[in-house]
Each structure stands twice: as C-alpha cells, then as structure tokens.
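Have a look at start-v5.cif below; it lists mmCIF, C-alpha atoms.
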data_start
#
loop_
_atom_site.group_PDB
_atom_site.id
_atom_site.type_symbol
_atom_site.label_atom_id
_atom_site.label_comp_id
_atom_site.auth_asym_id
_atom_site.auth_seq_id
_atom_site.Cartn_x
_atom_site.Cartn_y
_atom_site.Cartn_z
ATOM 1 C CA MET A 278 -22.943 162.212 266.770
ATOM 2 C CA ASN A 279 -19.262 161.532 266.142
ATOM 3 C CA THR A 280 -17.732 159.692 269.090
ATOM 4 C CA THR A 281 -14.374 158.205 270.039
ATOM 5 C CA ARG A 282 -13.938 154.505 270.730
ATOM 6 C CA SER A 283 -14.399 155.396 274.399
ATOM 7 C CA GLY A 284 -17.896 156.704 273.606
ATOM 8 C CA ARG A 285 -17.083 160.369 274.299
ATOM 9 C CA PRO A 286 -17.904 163.051 271.686
ATOM 10 C CA ALA A 287 -14.910 163.323 269.350
ATOM 11 C CA LEU A 288 -12.748 166.422 269.660
ATOM 12 C CA THR A 289 -10.573 167.818 266.878
ATOM 13 C CA ARG A 290 -8.650 170.991 266.235
ATOM 14 C CA PRO A 291 -10.867 173.835 264.887
ATOM 15 C CA ASP A 292 -9.757 172.978 261.322
ATOM 16 C CA GLY A 293 -10.884 169.352 261.750
ATOM 17 C CA THR A 294 -7.412 167.802 262.015
ATOM 18 C CA PRO A 295 -6.425 165.590 264.994
ATOM 19 C CA LEU A 296 -5.397 167.300 268.215
ATOM 20 C CA ARG A 297 -1.663 167.088 268.907
ATOM 21 C CA VAL A 298 -0.473 166.063 272.368
ATOM 22 C CA LEU A 299 3.045 165.607 273.725
ATOM 23 C CA VAL A 300 3.494 163.285 276.736
ATOM 24 C CA VAL A 301 6.655 163.935 278.765
ATOM 25 C CA ASP A 302 7.548 161.386 281.468
ATOM 26 C CA ASP A 303 10.751 159.488 282.265
ATOM 27 C CA ASP A 304 8.781 156.312 283.036
ATOM 28 C CA PRO A 305 8.430 154.654 279.591
ATOM 29 C CA ASP A 306 5.641 152.325 280.752
ATOM 30 C CA LEU A 307 3.563 155.202 282.112
ATOM 31 C CA ALA A 308 4.213 157.292 279.004
ATOM 32 C CA GLU A 309 3.044 154.433 276.803
ATOM 33 C CA VAL A 310 -0.142 153.872 278.821
ATOM 34 C CA LEU A 311 -0.955 157.585 278.684
ATOM 35 C CA SER A 312 -0.218 157.737 274.972
ATOM 36 C CA GLY A 313 -2.501 154.785 274.320
ATOM 37 C CA ALA A 314 -5.374 156.445 276.169
ATOM 38 C CA LEU A 315 -4.923 159.676 274.195
ATOM 39 C CA ARG A 316 -4.628 157.870 270.852
ATOM 40 C CA TYR A 317 -7.897 156.169 271.787
ATOM 41 C CA GLU A 318 -9.384 159.672 271.583
ATOM 42 C CA GLY A 319 -8.180 159.902 267.970
ATOM 43 C CA TRP A 320 -5.394 162.342 268.819
ATOM 44 C CA GLN A 321 -1.863 162.525 267.424
ATOM 45 C CA VAL A 322 0.566 161.730 270.256
ATOM 46 C CA ARG A 323 4.344 161.937 270.721
ATOM 47 C CA THR A 324 6.350 161.011 273.820
ATOM 48 C CA ALA A 325 9.587 162.241 275.375
ATOM 49 C CA GLY A 326 11.525 160.993 278.394
ATOM 50 C CA ASP A 327 13.487 164.094 279.365
ATOM 51 C CA GLY A 328 13.432 167.868 279.034
ATOM 52 C CA ALA A 329 15.772 168.194 276.076
ATOM 53 C CA SER A 330 13.924 165.649 273.942
ATOM 54 C CA ALA A 331 10.587 167.199 274.990
ATOM 55 C CA VAL A 332 11.579 170.608 273.611
ATOM 56 C CA ALA A 333 12.943 169.001 270.414
ATOM 57 C CA ALA A 334 9.708 167.031 269.941
ATOM 58 C CA ALA A 335 7.624 170.158 270.564
ATOM 59 C CA ARG A 336 9.460 172.001 267.789
ATOM 60 C CA GLU A 337 8.467 169.248 265.347
ATOM 61 C CA LEU A 338 4.945 168.520 266.584
ATOM 62 C CA LEU A 339 3.818 172.021 267.681
ATOM 63 C CA PRO A 340 1.473 170.406 270.215
ATOM 64 C CA ASP A 341 -1.881 171.771 271.303
ATOM 65 C CA ALA A 342 -1.328 170.282 274.767
ATOM 66 C CA VAL A 343 1.494 168.780 276.813
ATOM 67 C CA VAL A 344 1.185 166.273 279.645
ATOM 68 C CA LEU A 345 4.321 167.155 281.601
ATOM 69 C CA ASP A 346 5.961 165.328 284.509
ATOM 70 C CA VAL A 347 7.533 167.691 287.038
ATOM 71 C CA MET A 348 10.460 165.397 287.900
ATOM 72 C CA LEU A 349 12.656 164.675 284.862
ATOM 73 C CA PRO A 350 16.190 163.247 284.726
ATOM 74 C CA ASP A 351 17.880 166.320 283.213
ATOM 75 C CA THR A 352 15.749 169.218 284.556
ATOM 76 C CA ASP A 353 12.348 169.928 286.080
ATOM 77 C CA GLY A 354 9.031 170.404 284.358
ATOM 78 C CA PHE A 355 8.880 174.108 285.216
ATOM 79 C CA ALA A 356 12.042 174.790 283.187
ATOM 80 C CA VAL A 357 10.651 172.682 280.336
ATOM 81 C CA LEU A 358 7.425 174.690 280.436
ATOM 82 C CA ARG A 359 9.335 177.950 279.994
ATOM 83 C CA ALA A 360 11.129 176.477 276.979
ATOM 84 C CA LEU A 361 7.852 175.138 275.522
ATOM 85 C CA HIS A 362 6.286 178.594 275.689
ATOM 86 C CA THR A 363 9.066 179.911 273.445
ATOM 87 C CA VAL A 364 8.142 177.217 270.912
ATOM 88 C CA LYS A 365 4.336 177.643 271.133
ATOM 89 C CA ALA A 366 3.104 180.325 273.497
ATOM 90 C CA ASP A 367 -0.518 179.118 273.669
ATOM 91 C CA VAL A 368 0.156 175.437 274.390
ATOM 92 C CA CYS A 369 -2.009 173.945 277.178
ATOM 93 C CA VAL A 370 0.012 172.228 279.914
ATOM 94 C CA LEU A 371 -1.201 169.583 282.360
ATOM 95 C CA PHE A 372 1.413 168.837 285.039
ATOM 96 C CA LEU A 373 1.862 165.289 286.368
ATOM 97 C CA THR A 374 3.740 164.707 289.586
ATOM 98 C CA ALA A 375 3.984 162.401 292.560
ATOM 99 C CA ARG A 376 4.290 165.462 294.783
ATOM 100 C CA ASP A 377 1.048 166.867 296.145
ATOM 101 C CA ALA A 378 2.267 169.731 298.319
ATOM 102 C CA VAL A 379 0.286 172.942 297.954
ATOM 103 C CA GLU A 380 3.453 174.918 297.142
ATOM 104 C CA ASP A 381 4.182 172.616 294.205
ATOM 105 C CA ARG A 382 0.709 173.150 292.810
ATOM 106 C CA ILE A 383 1.067 176.898 293.179
ATOM 107 C CA LYS A 384 4.493 176.837 291.521
ATOM 108 C CA GLY A 385 3.134 174.874 288.567
ATOM 109 C CA ILE A 386 0.218 177.211 287.951
ATOM 110 C CA THR A 387 2.346 180.314 288.531
ATOM 111 C CA ALA A 388 4.881 179.023 285.987
ATOM 112 C CA GLY A 389 2.109 179.003 283.365
ATOM 113 C CA GLY A 390 0.659 175.523 283.716
ATOM 114 C CA ASP A 391 -3.070 175.145 283.143
ATOM 115 C CA ASP A 392 -3.849 172.229 285.443
ATOM 116 C CA TYR A 393 -2.219 169.786 287.836
ATOM 117 C CA VAL A 394 -2.772 166.038 288.480
ATOM 118 C CA THR A 395 -0.951 164.079 291.176
ATOM 119 C CA LYS A 396 0.158 160.456 290.913
ATOM 120 C CA PRO A 397 -1.412 157.987 291.207
ATOM 121 C CA PHE A 398 -4.139 159.152 288.844
ATOM 122 C CA SER A 399 -6.796 157.605 286.632
ATOM 123 C CA LEU A 400 -6.460 157.747 282.860
ATOM 124 C CA GLU A 401 -10.082 158.910 282.694
ATOM 125 C CA GLU A 402 -9.201 161.931 284.827
ATOM 126 C CA VAL A 403 -6.215 162.889 282.668
ATOM 127 C CA VAL A 404 -8.259 162.601 279.463
ATOM 128 C CA ALA A 405 -11.151 164.572 280.956
ATOM 129 C CA ARG A 406 -8.839 167.318 282.217
ATOM 130 C CA LEU A 407 -7.163 167.611 278.804
ATOM 131 C CA ARG A 408 -10.473 167.745 276.959
ATOM 132 C CA GLY A 409 -11.647 170.527 279.264
ATOM 133 C CA LEU A 410 -8.418 172.510 278.906
ATOM 134 C CA LEU A 411 -8.394 172.282 275.119
ATOM 135 C CA ARG A 412 -12.026 173.327 274.776
ATOM 136 C CA ARG A 413 -11.728 176.252 277.185
ATOM 137 C CA ALA A 414 -8.624 177.458 275.336
ATOM 138 C CA GLY A 415 -10.499 177.383 272.014
ATOM 139 C CA MET A 416 -8.124 174.789 270.578
ATOM 140 C CA ALA A 417 -10.705 172.045 270.109
ATOM 141 C CA ARG A 418 -14.259 171.543 268.911
ATOM 142 C CA GLN A 419 -16.688 168.636 268.853
ATOM 143 C CA LEU A 420 -17.153 167.155 265.426
ATOM 144 C CA ASP A 421 -20.931 167.446 265.726
ATOM 145 C CA GLU A 422 -20.841 171.134 266.622
ATOM 146 C CA GLY A 423 -20.731 172.429 263.075
ATOM 147 C CA PRO A 424 -18.925 175.639 262.139
ATOM 148 C CA ARG A 425 -18.432 176.977 265.673
ATOM 149 C CA LEU A 426 -15.571 178.775 267.338
ATOM 150 C CA THR A 427 -15.319 178.542 271.124
ATOM 151 C CA VAL A 428 -13.034 180.472 273.464
ATOM 152 C CA GLY A 429 -14.007 180.048 277.099
ATOM 153 C CA ASP A 430 -17.713 180.926 277.395
ATOM 154 C CA LEU A 431 -17.641 182.902 274.121
ATOM 155 C CA VAL A 432 -19.169 180.955 271.213
ATOM 156 C CA MET A 433 -19.464 181.966 267.556
ATOM 157 C CA ASP A 434 -21.671 180.070 265.102
ATOM 158 C CA GLU A 435 -20.071 181.089 261.807
ATOM 159 C CA GLU A 436 -22.879 179.681 259.679
ATOM 160 C CA ALA A 437 -25.729 181.335 261.601
ATOM 161 C CA ARG A 438 -23.530 184.389 262.267
ATOM 162 C CA GLU A 439 -24.523 184.358 265.925
ATOM 163 C CA VAL A 440 -22.328 185.082 268.945
ATOM 164 C CA THR A 441 -23.097 184.254 272.560
ATOM 165 C CA ARG A 442 -21.205 184.691 275.802
ATOM 166 C CA GLY A 443 -22.356 182.641 278.755
ATOM 167 C CA GLY A 444 -25.395 181.738 276.650
ATOM 168 C CA GLU A 445 -26.386 185.403 276.165
ATOM 169 C CA LEU A 446 -26.783 186.567 272.560
ATOM 170 C CA ILE A 447 -24.490 189.415 271.454
ATOM 171 C CA GLU A 448 -25.570 191.559 268.500
ATOM 172 C CA LEU A 449 -22.645 192.534 266.257
ATOM 173 C CA SER A 450 -22.292 194.543 263.082
ATOM 174 C CA PRO A 451 -20.722 192.748 260.083
ATOM 175 C CA THR A 452 -17.333 194.407 260.726
ATOM 176 C CA GLU A 453 -17.449 193.640 264.448
ATOM 177 C CA PHE A 454 -18.292 190.023 263.608
ATOM 178 C CA GLU A 455 -15.300 189.687 261.278
ATOM 179 C CA LEU A 456 -12.955 191.287 263.807
ATOM 180 C CA LEU A 457 -14.146 188.976 266.572
ATOM 181 C CA ARG A 458 -13.877 185.974 264.253
ATOM 182 C CA PHE A 459 -10.221 186.809 263.552
ATOM 183 C CA LEU A 460 -9.540 187.122 267.292
ATOM 184 C CA MET A 461 -11.359 183.855 268.062
ATOM 185 C CA ARG A 462 -9.466 181.965 265.371
ATOM 186 C CA ASN A 463 -6.253 183.040 267.090
ATOM 187 C CA PRO A 464 -6.952 182.681 270.840
ATOM 188 C CA ARG A 465 -4.115 183.703 273.181
ATOM 189 C CA ARG A 466 -2.126 185.012 270.215
ATOM 190 C CA VAL A 467 -1.172 188.688 270.150
ATOM 191 C CA LEU A 468 -2.352 190.212 266.867
ATOM 192 C CA SER A 469 -0.865 193.477 265.665
ATOM 193 C CA LYS A 470 -2.928 196.319 264.251
ATOM 194 C CA ALA A 471 -1.294 195.689 260.884
ATOM 195 C CA GLN A 472 -2.382 192.033 260.913
ATOM 196 C CA ILE A 473 -5.924 192.993 261.888
ATOM 197 C CA LEU A 474 -6.179 195.662 259.182
ATOM 198 C CA ASP A 475 -4.894 193.230 256.577
ATOM 199 C CA ARG A 476 -7.265 190.389 257.532
ATOM 200 C CA VAL A 477 -10.419 192.319 258.466
ATOM 201 C CA TRP A 478 -10.247 195.427 256.279
ATOM 202 C CA SER A 479 -7.683 194.279 253.649
ATOM 203 C CA TYR A 480 -5.786 197.528 254.179
ATOM 204 C CA ASP A 481 -2.076 198.080 253.999
ATOM 205 C CA PHE A 482 -0.929 199.461 257.345
ATOM 206 C CA GLY A 483 -0.488 203.218 257.234
ATOM 207 C CA GLY A 484 -2.310 205.751 259.358
ATOM 208 C CA ARG A 485 -5.384 203.598 259.913
ATOM 209 C CA ALA A 486 -4.561 202.264 263.376
ATOM 210 C CA HIS A 487 -7.415 204.334 264.807
ATOM 211 C CA VAL A 488 -9.897 202.143 262.891
ATOM 212 C CA VAL A 489 -8.717 199.052 264.763
ATOM 213 C CA GLU A 490 -8.732 200.887 268.094
ATOM 214 C CA LEU A 491 -12.275 202.105 267.451
ATOM 215 C CA TYR A 492 -13.684 198.676 266.596
ATOM 216 C CA ILE A 493 -11.839 196.990 269.465
ATOM 217 C CA SER A 494 -13.583 199.483 271.762
ATOM 218 C CA TYR A 495 -16.933 198.592 270.159
ATOM 219 C CA LEU A 496 -16.291 194.877 270.734
ATOM 220 C CA ARG A 497 -15.273 195.402 274.344
ATOM 221 C CA ARG A 498 -18.546 197.195 275.062
ATOM 222 C CA LYS A 499 -20.475 194.215 273.738
ATOM 223 C CA VAL A 500 -18.326 191.180 274.603
ATOM 224 C CA ASP A 501 -16.805 192.314 277.914
ATOM 225 C CA ALA A 502 -19.520 194.633 279.275
ATOM 226 C CA GLY A 503 -20.322 193.640 282.868
ATOM 227 C CA ARG A 504 -18.086 190.574 282.643
ATOM 228 C CA GLU A 505 -14.480 189.577 283.209
ATOM 229 C CA PRO A 506 -12.610 190.984 280.174
ATOM 230 C CA MET A 507 -11.453 188.652 277.416
ATOM 231 C CA ILE A 508 -10.053 191.264 275.001
ATOM 232 C CA HIS A 509 -6.705 192.603 276.204
ATOM 233 C CA THR A 510 -4.310 195.261 274.919
ATOM 234 C CA VAL A 511 -0.632 194.353 274.807
ATOM 235 C CA ARG A 512 1.103 197.714 274.835
ATOM 236 C CA GLY A 513 3.211 198.272 271.736
ATOM 237 C CA ALA A 514 2.223 194.897 270.245
ATOM 238 C CA GLY A 515 -1.515 194.650 269.598
ATOM 239 C CA TYR A 516 -4.502 192.792 271.008
ATOM 240 C CA VAL A 517 -5.183 189.305 272.334
ATOM 241 C CA LEU A 518 -8.349 187.338 273.141
ATOM 242 C CA LYS A 519 -8.022 185.081 276.195
ATOM 243 C CA PRO A 520 -10.548 182.849 277.959
ATOM 244 C CA VAL A 521 -11.323 183.914 281.501
ATOM 245 C CA THR A 522 -9.588 181.659 284.020
ATOM 246 C CA SER A 523 -11.507 180.767 287.131
#
Whole structure given in structure tokens:
Amino acid sequence: MNTTRSGRPALTRPDGTPLRVLVVDDDPDLAEVLSGALRYEGWQVRTAGDGASAVAAARELLPDAVVLDVMLPDTDGFAVLRALHTVKADVCVLFLTARDAVEDRIKGITAGGDDYVTKPFSLEEVVARLRGLLRRAGMARQLDEGPRLTVGDLVMDEEAREVTRGGELIELSPTEFELLRFLMRNPRRVLSKAQILDRVWSYDFGGRAHVVELYISYLRRKVDAGREPMIHTVRGAGYVLKPVTS
C-alpha cells in the first residue's frame, strides 16, 4: 500500500498528480505549520496572507481545496470564497476561524464552504477533514485503489467496469457506463448536451439532444432510484453530478 510519511494511505488527484491546496491565513507562523503538515501528505501547497493574494494564487494554482481563515486583513473569508468560486467552481473549502458562534458556522456553510474548524485546532483534524472533503467530492483517490472513480458513495471501477452506490452493484449498458464515466470524471461541473454528445457519442451537436436526455433518464433510474439524487439538471445549461451532502 502506498502511504504518506505520516503512515496514512496516500491520496492524489484522479490523474495521479499531487493534490493542490491553498492555505489562506494572515498569521505566517500558522500558515507555515499548516503548509508543512499538508506537504507531509505529498500535496502541492501555496500560502496567502490576505484575500487579494489568495485570489491571485488561486488563479495560478487552481487548487483542489482551500484552507481559508475567516478573518483577513483586507476582507473576510466569505467574500474570498465567492471570488474563489469564480476561479474554480468546484473547489473544496475548509474554513478556519477563532469564532465558534453557531451563526458563523451557518454563514460559512451557506456561503458555499464545505466544512468548518475553530481555533485552536489540531493539525491531524485539519488533515483528516481535508482528506474526507476531497474524497467525497471525487477530487482524490488512494494510490492503491487502482482505476477507480469516486463521487460521494458512487464508485466506478473502470478496469472491472463495475459501478456501485452505497456498496450496491448497479448494472449499466455500455453507453450508460460511458455517460456515467464522463459525469464522474467531471464532478460538480455542469456539462452541456453538446459536450456529452461529443465525448460519449462523438456526434456534432445538431438535433440529437433527445439522445442525451433519454440516457440521462436511464441513468437516473439506476443511480438515483430510491436514493438522494446525484444527477441534476441545470436548466438551459446541461447536467451535473454532485455528491449527496449530509
């Protein structure tokens, strides 16, 4: 089994490259300690001390996750989060703050944050929370997993051509499998009918939208039947696969 220096199973991006994490905190000592712990996981890490430099760094790094302090010298973390989502809509965000009021937690999650840790915190907790977020979002895989795609509780073994949700096997036709694979390789990203036709059927877009609609309906019956839906329609834009949030 591939492990990090900390002994945990190594996580990478789905393509095998290091996960990218941006740490945003105006305390340089804390930012450095956090960065060291994340580099220990084998991840690529950048730091920023204020909102403006955080957004600039995000444009260069295109991070998979951001550890974001709520209190920054030039703005607050909620405003930074909104700006980050314009750079990379599916980025995972873990808020850090010294404030532990319930309303602050609610504001962070409502703003689009994925999790919330209050200071003082343990480095182990931050790392564990990030690992969980990245795996649930389908942005990371264990190196010993083989050719698997994971989005929430939906798992695809590309080599065995098997799909499970919550451990339950889902039987798919070859076309359904390829459509789901395209969705799972692009979690939380809205895919247009034209993109789906081009990648799954190799068609130029033109009067064949009903084919996509038909196969999306087939997938929903199999993947979402009796469960919280993961496949969503974005009116006028296309379709998106999202992990179910508890």
Practice prompt. Write out as number ranges by chain the residues lying within 8 Å of region 486-501 of chain A, counting all atoms listed in the file and excluding same-chain residues fewer than 4 positions away.
Written response: A: 442, 447-449, 453, 456-457, 470-471, 473-474, 482, 505-508
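The closest residue to Lys365 (chain A), picked from A:Leu411, A:Val301, A:Val347, A:Leu338 and counting only C-alpha atoms, is A:Leu338.
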Discussion item. Let me make sure I understand: among A:Val332, A:Ala314, A:Leu400, A:Val322, which one has the smallest atom-to-atom distance to Leu358 (chain A) if we use only C-alpha atoms?
Written reply: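 Smallest distance to Leu358 (chain A) is found for A:Val332.
Considering the residues A:Arg504, A:Arg512, A:Arg412, A:Arg406 and counting all atoms listed in the file, Leu296 (chain A) has its shortest atom-to-atom contact with A:Arg412.
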Worksheet item: Could you state the separation of CA of Ser312 (chain A) and CA of Arg425 (chain A) in Å, given to one decimal place?
Response: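 Taking CA of Ser312 (chain A) and CA of Arg425 (chain A), their separation equals 28.1 Å.
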Discussion item. Which residues are near Glu435 (chain A)? Cut-off 12 Å, all atoms listed in the file, ignore same chain within fewer than 5 positions. Put them as a PyMOL selection string.
Written reply: chain A and resi 422-427+440-441+451+454-455+457-459+461-462
Discussion item. If the PyMOL selection byres ((chain A and resi 375) around 9) were run on this exact file, what residues would it hold? Put them as a count of residues only.
Written reply: 11
Practice prompt. Starting from the shown file, work through the PyMOL selection byres ((chain A and resi 522) around 9) and note down what comes out as a VMD selection string.
Written response: chain A and resid 413 429 519 to 521 523
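Using only C-alpha atoms, the nearest neighbour of Leu371 (chain A) within the list A:Leu349, A:Ala437, A:Ala331, A:Leu299 is A:Leu299.
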Item to complete: Would you kindly translate the PyMOL selection byres ((chain A and resi 468) around 6) into the concrete residues it picks from this file, as a PyMOL selection string?
Response: chain A and resi 467+469+515-516
Output file for the selection above: C-alpha atoms, as an mmCIF file, in the coordinates of the input:
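Result file part25.cif:
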data_model
loop_
_atom_site.group_PDB
_atom_site.id
_atom_site.type_symbol
_atom_site.label_atom_id
_atom_site.label_comp_id
_atom_site.auth_asym_id
_atom_site.auth_seq_id
_atom_site.Cartn_x
_atom_site.Cartn_y
_atom_site.Cartn_z
ATOM 1 C CA VAL A 467 -1.172 188.688 270.150
ATOM 2 C CA SER A 469 -0.865 193.477 265.665
ATOM 3 C CA GLY A 515 -1.515 194.650 269.598
ATOM 4 C CA TYR A 516 -4.502 192.792 271.008
#
Worksheet item: What's the 10 Å shell around Asp341 (chain A), counting all atoms listed in the file, without same-chain residues fewer than 3 positions away, as JSON, numbers by chain?
Response: {"A": [290, 295, 296, 297, 298, 299, 335, 338, 365, 367, 368, 369, 370, 411, 414, 416, 417]}
Using C-alpha atoms, can you export the residues from the last selection as a CSV table (one decimal), keeping the file's coordinate frame?
chain,number,residue,atom,x,y,z
A,290,ARG,CA,-8.6,171.0,266.2
A,295,PRO,CA,-6.4,165.6,265.0
A,296,LEU,CA,-5.4,167.3,268.2
A,297,ARG,CA,-1.7,167.1,268.9
A,298,VAL,CA,-0.5,166.1,272.4
A,299,LEU,CA,3.0,165.6,273.7
A,335,ALA,CA,7.6,170.2,270.6
A,338,LEU,CA,4.9,168.5,266.6
A,365,LYS,CA,4.3,177.6,271.1
A,367,ASP,CA,-0.5,179.1,273.7
A,368,VAL,CA,0.2,175.4,274.4
A,369,CYS,CA,-2.0,173.9,277.2
A,370,VAL,CA,0.0,172.2,279.9
A,411,LEU,CA,-8.4,172.3,275.1
A,414,ALA,CA,-8.6,177.5,275.3
A,416,MET,CA,-8.1,174.8,270.6
A,417,ALA,CA,-10.7,172.0,270.1
Worksheet item: So what do you get for CA of Val343 (chain A) versus CA of Leu460 (chain A), distance-wise?
Response: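 About the pair CA of Val343 (chain A) and CA of Leu460 (chain A): they are 23.4 Å apart.
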Selected region 347-357 of chain A, written as a compact mmCIF listing (two decimals), in the first residue's frame, all heavy atoms:
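As written to disk, selection_18.txt reads:
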# COMPACT_ATOMS: atom_id res chain seq x y z
N VAL A 347 -11.37 32.96 8.25
CA VAL A 347 -12.49 33.89 8.08
C VAL A 347 -12.04 35.34 8.23
O VAL A 347 -12.46 36.21 7.47
CB VAL A 347 -13.61 33.56 9.09
CG1 VAL A 347 -14.65 34.67 9.10
CG2 VAL A 347 -14.27 32.24 8.73
N MET A 348 -11.17 35.61 9.21
CA MET A 348 -10.73 36.98 9.48
C MET A 348 -9.43 37.27 8.75
O MET A 348 -8.38 36.73 9.09
CB MET A 348 -10.55 37.18 10.99
CG MET A 348 -11.83 36.95 11.79
SD MET A 348 -13.15 38.10 11.34
CE MET A 348 -12.45 39.63 11.99
N LEU A 349 -9.48 38.13 7.74
CA LEU A 349 -8.31 38.51 6.96
C LEU A 349 -8.14 40.03 7.02
O LEU A 349 -9.12 40.75 7.25
CB LEU A 349 -8.46 38.03 5.51
CG LEU A 349 -8.51 36.50 5.32
CD1 LEU A 349 -8.91 36.16 3.90
CD2 LEU A 349 -7.16 35.88 5.67
N PRO A 350 -6.93 40.53 6.78
CA PRO A 350 -6.70 41.97 6.96
C PRO A 350 -7.44 42.86 5.96
O PRO A 350 -7.76 44.01 6.28
CB PRO A 350 -5.18 42.11 6.81
CG PRO A 350 -4.73 40.87 6.11
CD PRO A 350 -5.68 39.80 6.52
N ASP A 351 -7.72 42.39 4.76
CA ASP A 351 -8.34 43.25 3.75
C ASP A 351 -9.81 42.93 3.48
O ASP A 351 -10.52 43.72 2.86
CB ASP A 351 -7.55 43.17 2.43
CG ASP A 351 -7.46 41.75 1.88
OD1 ASP A 351 -7.69 40.79 2.66
OD2 ASP A 351 -7.13 41.59 0.69
N THR A 352 -10.29 41.78 3.93
CA THR A 352 -11.69 41.38 3.69
C THR A 352 -11.99 40.20 4.60
O THR A 352 -11.19 39.87 5.48
CB THR A 352 -11.90 41.01 2.21
OG1 THR A 352 -13.28 40.73 1.98
CG2 THR A 352 -11.07 39.79 1.82
N ASP A 353 -13.15 39.57 4.42
CA ASP A 353 -13.42 38.35 5.20
C ASP A 353 -13.40 37.13 4.28
O ASP A 353 -13.45 37.25 3.05
CB ASP A 353 -14.73 38.45 5.97
CG ASP A 353 -15.96 38.59 5.08
OD1 ASP A 353 -16.06 37.85 4.08
OD2 ASP A 353 -16.82 39.43 5.37
N GLY A 354 -13.32 35.97 4.91
CA GLY A 354 -13.22 34.74 4.14
C GLY A 354 -14.42 34.45 3.28
O GLY A 354 -14.31 33.80 2.24
N PHE A 355 -15.61 34.94 3.67
CA PHE A 355 -16.81 34.69 2.89
C PHE A 355 -16.73 35.40 1.53
O PHE A 355 -17.13 34.85 0.50
CB PHE A 355 -18.04 35.15 3.66
CG PHE A 355 -18.12 34.58 5.06
CD1 PHE A 355 -18.25 35.41 6.15
CD2 PHE A 355 -18.03 33.20 5.26
CE1 PHE A 355 -18.30 34.89 7.43
CE2 PHE A 355 -18.07 32.67 6.55
CZ PHE A 355 -18.21 33.52 7.63
N ALA A 356 -16.19 36.62 1.53
CA ALA A 356 -16.02 37.35 0.26
C ALA A 356 -14.96 36.67 -0.60
O ALA A 356 -15.10 36.57 -1.82
CB ALA A 356 -15.62 38.80 0.53
N VAL A 357 -13.90 36.16 0.05
CA VAL A 357 -12.86 35.45 -0.69
C VAL A 357 -13.44 34.18 -1.32
O VAL A 357 -13.14 33.83 -2.46
CB VAL A 357 -11.67 35.10 0.23
CG1 VAL A 357 -10.65 34.23 -0.50
CG2 VAL A 357 -11.00 36.37 0.74
